[in-house]
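Everything below belongs to protein_11.csv, which stores CSV, C-alpha atoms and all ligand atoms.
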```
chain,number,residue,atom,x,y,z
I,1418,MET,CA,56.0,33.2,96.9
I,1419,GLN,CA,54.0,30.5,98.6
I,1420,ALA,CA,55.7,28.7,101.5
I,1421,LEU,CA,57.2,25.5,100.1
I,1422,THR,CA,56.9,23.6,103.3
I,1423,SER,CA,53.7,22.2,104.8
I,1424,ASP,CA,51.9,24.3,107.5
I,1425,ASP,CA,53.2,22.0,110.2
I,1426,THR,CA,56.8,22.3,109.1
I,1427,LEU,CA,56.5,26.0,108.6
I,1428,ARG,CA,55.2,26.3,112.2
I,1429,GLU,CA,58.1,24.3,113.6
I,1430,LEU,CA,60.7,26.3,111.6
I,1431,VAL,CA,59.2,29.6,112.7
I,1432,GLU,CA,58.8,28.5,116.3
I,1433,ALA,CA,62.5,27.4,116.4
I,1434,ARG,CA,63.7,30.7,115.0
I,1435,LEU,CA,61.6,32.7,117.4
I,1436,ARG,CA,62.8,30.6,120.3
I,1437,ARG,CA,66.4,31.4,119.3
I,1438,ALA,CA,65.5,35.1,119.4
I,1439,ASP,CA,63.8,34.6,122.8
I,1440,LEU,CA,60.4,35.2,121.4
I,1441,ARG,CA,57.2,33.2,121.7
I,1442,TYR,CA,55.0,32.3,118.8
I,1443,THR,CA,52.0,34.3,120.0
I,1444,SER,CA,48.7,34.4,118.3
I,1445,GLY,CA,49.4,37.8,116.8
I,1446,ARG,CA,52.7,36.7,115.3
I,1447,ARG,CA,51.1,33.5,114.1
I,1448,ALA,CA,48.3,35.4,112.4
I,1449,ILE,CA,50.9,37.5,110.4
I,1450,VAL,CA,53.1,34.5,109.5
I,1451,GLU,CA,50.1,32.5,108.3
I,1452,MET,CA,48.8,35.5,106.3
I,1453,LEU,CA,52.2,36.0,104.6
I,1454,ALA,CA,52.4,32.2,103.9
I,1455,SER,CA,49.0,32.2,102.2
I,1456,ALA,CA,49.2,35.6,100.5
I,1457,GLY,CA,51.8,34.2,98.0
I,1458,HIS,CA,53.1,37.7,97.3
I,1459,PRO,CA,54.7,40.5,99.4
I,1460,VAL,CA,52.1,42.4,101.5
I,1461,SER,CA,52.0,46.0,102.8
I,1462,ILE,CA,51.1,47.0,106.4
I,1463,SER,CA,47.7,48.1,105.0
I,1464,ASP,CA,47.1,44.7,103.5
I,1465,ILE,CA,47.8,43.2,106.9
I,1466,ALA,CA,45.4,45.7,108.6
I,1467,ALA,CA,42.7,44.9,106.1
I,1468,GLU,CA,43.2,41.1,106.4
I,1469,LEU,CA,43.7,41.0,110.2
I,1470,PRO,CA,41.3,43.6,111.6
I,1471,ASP,CA,41.8,42.1,115.1
I,1472,VAL,CA,45.5,42.9,115.1
I,1473,PRO,CA,46.1,46.6,115.9
I,1474,ARG,CA,48.4,48.3,113.4
I,1475,SER,CA,50.9,49.2,116.1
I,1476,SER,CA,51.1,45.6,117.2
I,1477,ALA,CA,51.4,44.5,113.6
I,1478,TYR,CA,54.5,46.8,113.2
I,1479,ARG,CA,56.1,45.4,116.3
I,1480,HIS,CA,55.4,41.8,115.3
I,1481,LEU,CA,57.0,42.5,111.9
I,1482,VAL,CA,60.1,44.0,113.5
I,1483,ASP,CA,60.4,40.9,115.8
I,1484,LEU,CA,59.8,38.5,112.9
I,1485,GLN,CA,62.5,40.2,110.9
I,1486,GLY,CA,64.9,40.0,113.8
I,1487,ALA,CA,64.2,36.3,114.1
I,1488,ARG,CA,64.9,35.9,110.3
I,1489,VAL,CA,61.3,34.7,109.6
I,1490,VAL,CA,60.2,37.8,107.6
I,1491,ARG,CA,62.0,39.9,105.1
I,1492,ARG,CA,61.2,43.5,104.3
I,1493,ILE,CA,61.3,44.7,100.7
I,1494,ALA,CA,61.3,48.4,99.9
I,1495,ALA,CA,62.4,50.6,97.0
I,1496,GLU,CA,61.2,53.5,99.2
I,1497,ASP,CA,60.2,53.4,102.9
I,1498,GLU,CA,56.6,54.4,102.2
I,1499,PHE,CA,56.1,51.4,100.0
I,1500,ALA,CA,57.5,48.7,102.4
I,1501,ARG,CA,56.3,45.2,101.8
I,1502,PHE,CA,56.8,42.1,103.8
I,1503,GLU,CA,57.2,38.4,102.9
I,1504,LEU,CA,58.5,35.2,104.5
I,1505,ALA,CA,62.3,34.8,104.5
I,1506,GLU,CA,63.6,33.3,101.3
I,1507,ASP,CA,64.8,30.1,102.9
I,1508,LEU,CA,61.1,29.4,104.0
I,1509,THR,CA,59.9,29.9,100.4
I,1510,GLU,CA,62.1,29.8,97.4
I,1511,HIS,CA,64.8,32.0,95.7
I,1512,HIS,CA,63.3,34.8,93.6
I,1513,HIS,CA,63.8,38.4,92.6
I,1514,HIS,CA,61.5,41.5,92.8
I,1515,LEU,CA,60.4,44.2,90.4
I,1516,LEU,CA,59.7,47.3,92.5
I,1517,CYS,CA,57.6,50.2,91.1
I,1518,VAL,CA,58.6,53.6,92.5
I,1519,THR,CA,55.4,55.1,91.3
I,1520,CYS,CA,52.6,52.9,92.7
I,1521,GLY,CA,54.7,50.8,95.2
I,1522,GLY,CA,53.8,47.6,93.4
I,1523,VAL,CA,56.0,44.6,94.0
I,1524,ILE,CA,56.2,41.8,91.5
I,1525,ASP,CA,57.8,38.5,92.4
I,1526,VAL,CA,59.8,37.0,89.6
I,1527,THR,CA,61.2,33.5,89.7
I,1528,PRO,CA,64.4,33.4,87.6
I,1529,THR,CA,65.1,30.6,85.1
I,1530,PRO,CA,68.0,28.3,85.8
I,1531,ALA,CA,69.9,29.9,82.9
I,1532,PHE,CA,69.4,33.4,84.4
I,1533,GLU,CA,70.6,32.1,87.8
I,1534,ARG,CA,73.7,30.6,86.2
I,1535,VAL,CA,74.7,34.0,84.6
I,1536,VAL,CA,74.0,35.9,87.8
I,1537,ALA,CA,75.9,33.5,90.0
I,1538,LYS,CA,78.9,33.7,87.6
I,1539,MET,CA,78.8,37.5,87.7
I,1540,VAL,CA,78.4,37.6,91.4
I,1541,GLN,CA,81.3,35.2,91.8
I,1542,GLU,CA,83.5,37.5,89.7
I,1543,LEU,CA,82.5,40.6,91.6
I,1544,ALA,CA,83.1,39.0,95.0
I,1545,ALA,CA,86.4,37.2,94.0
I,1546,GLN,CA,88.1,40.6,93.4
I,1547,ARG,CA,87.9,41.1,97.2
I,1548,GLY,CA,88.5,37.5,98.2
I,1549,PHE,CA,84.8,37.3,99.2
I,1550,ARG,CA,83.0,33.9,99.1
I,1551,PRO,CA,79.4,34.5,98.1
I,1552,THR,CA,76.7,32.2,99.4
I,1553,ALA,CA,73.6,34.0,98.1
I,1554,HIS,CA,72.5,37.1,96.3
I,1555,VAL,CA,69.6,39.6,96.5
I,1556,LEU,CA,68.7,41.2,93.3
I,1557,ASP,CA,65.7,43.6,93.1
I,1558,VAL,CA,64.9,45.7,90.1
I,1559,ILE,CA,63.7,49.3,90.7
I,1560,GLY,CA,61.7,51.1,88.1
I,1561,HIS,CA,58.2,51.6,86.7
I,1562,CYS,CA,55.5,48.9,86.3
I,1563,ALA,CA,53.5,48.3,83.1
I,1564,SER,CA,50.5,50.3,84.5
I,1565,CYS,CA,52.6,53.3,85.6
I,1566,GLY,CA,54.7,53.4,82.5
I,1601,ZN,ZN,53.3,50.9,89.3
I,1602,ZN,ZN,68.9,34.9,91.9
```
Starting from the file, lay out its structure as structure tokens.
Amino acid sequence: MQALTSDDTLRELVEARLRRADLRYTSGRRAIVEMLASAGHPVSISDIAAELPDVPRSSAYRHLVDLQGARVVRRIAAEDEFARFELAEDLTEHHHHLLCVTCGGVIDVTPTPAFERVVAKMVQELAAQRGFRPTAHVLDVIGHCASCG
């Protein structure tokens, strides 16, 4: 998912969230956020290492943890070894994932309005049984991609 906002707006939003978490928007963190924004799909730690050779892997891990804590980045994983990272959904747009447990591939899928209406109704029913008021949902599908069968 590409960031929906302009680069400037994205920078302001990210800066504000980091500030709330008492973190500065350092060059290392910025490099990762900008890479996630331009990648347009969830990336692995190896993708980040390949794309940003100047950022040591250990720093990249720390930045990702900080960015998750500040609600800038979301971690997606069917299994820990296949963790992928993307910008938080409210910085991009609502979507779902197809997660392959064989190759670790992650496919972004943008739902149709009709699909969202059905899901929202079912989520509403599920939550209402407990007097819960849903404001969002996360729905990732786990299985095998077309290449892995
Ligand atoms: Zn696969
Ligand atoms: Zn949805």
Nearby polymer residues, ligand ZN 1602 (chain I), at most 10 Å, all atoms listed in the file, as a list in words: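 The neighbouring residues of ligand ZN 1602 (chain I) are, in order, His1511, His1512, His1513, His1514, Val1526, Thr1527, Pro1528, Thr1529, Pro1530, Phe1532, Glu1533, Arg1534, Val1535, Val1536, Ala1537, Val1540, Ala1553, His1554, Val1555, Leu1556 and Asp1557 of chain I.
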- prompt: Pick the closest to ligand ZN 1601 (chain I) from I:Cys1565, I:Ser1476, I:Met1418, I:Met1539: which is it, counting all atoms listed in the file?
  reply: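 Checking each of I:Cys1565, I:Ser1476, I:Met1418, I:Met1539 against ligand ZN 1601 (chain I), counting all atoms listed in the file, the winner is I:Cys1565.
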message: Applying 8 Å and all atoms listed in the file, which residues near region 1493-1508 of chain I remain after dropping the ones on its own chain fewer than 6 positions away? List them as number ranges by chain.
response: I: 1420-1422, 1427, 1450, 1453-1454, 1458-1462, 1516-1518, 1521-1523, 1559
Mind dumping the selected residues with C-alpha atoms as a PDB file, keeping the file's coordinate frame?
```pdb
ATOM      1  CA  ALA I1420      55.700  28.700 101.500  1.00  0.00           C
ATOM      2  CA  LEU I1421      57.200  25.500 100.100  1.00  0.00           C
ATOM      3  CA  THR I1422      56.900  23.600 103.300  1.00  0.00           C
ATOM      4  CA  LEU I1427      56.500  26.000 108.600  1.00  0.00           C
ATOM      5  CA  VAL I1450      53.100  34.500 109.500  1.00  0.00           C
ATOM      6  CA  LEU I1453      52.200  36.000 104.600  1.00  0.00           C
ATOM      7  CA  ALA I1454      52.400  32.200 103.900  1.00  0.00           C
ATOM      8  CA  HIS I1458      53.100  37.700  97.300  1.00  0.00           C
ATOM      9  CA  PRO I1459      54.700  40.500  99.400  1.00  0.00           C
ATOM     10  CA  VAL I1460      52.100  42.400 101.500  1.00  0.00           C
ATOM     11  CA  SER I1461      52.000  46.000 102.800  1.00  0.00           C
ATOM     12  CA  ILE I1462      51.100  47.000 106.400  1.00  0.00           C
ATOM     13  CA  LEU I1516      59.700  47.300  92.500  1.00  0.00           C
ATOM     14  CA  CYS I1517      57.600  50.200  91.100  1.00  0.00           C
ATOM     15  CA  VAL I1518      58.600  53.600  92.500  1.00  0.00           C
ATOM     16  CA  GLY I1521      54.700  50.800  95.200  1.00  0.00           C
ATOM     17  CA  GLY I1522      53.800  47.600  93.400  1.00  0.00           C
ATOM     18  CA  VAL I1523      56.000  44.600  94.000  1.00  0.00           C
ATOM     19  CA  ILE I1559      63.700  49.300  90.700  1.00  0.00           C
TER      20      ILE I1559
END
```
- request: Enter the distance from CA of Glu1468 (chain I) to CA of Gly1566 (chain I), in Å, rounded to one decimal.
  value: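 Computing the Euclidean distance for CA of Glu1468 (chain I) and CA of Gly1566 (chain I) yields 29.2 Å.
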message: Taking only C-alpha atoms and all ligand atoms into account, name the residue in I:Thr1552, I:Thr1443, I:Thr1519, I:Thr1426 that is nearest to ligand ZN 1601 (chain I).
response: I:Thr1519
- request: Quick one: pull the distance between CA of Ala1531 (chain I) and CA of Cys1562 (chain I), Å, one decimal.
  value: 24.1 Å
task: Using CA of Leu1543 (chain I) and CA of Val1489 (chain I) as the two end points, give the distance in Å to one decimal.
output: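 Rounded to one decimal, the two atoms are 28.4 Å apart.
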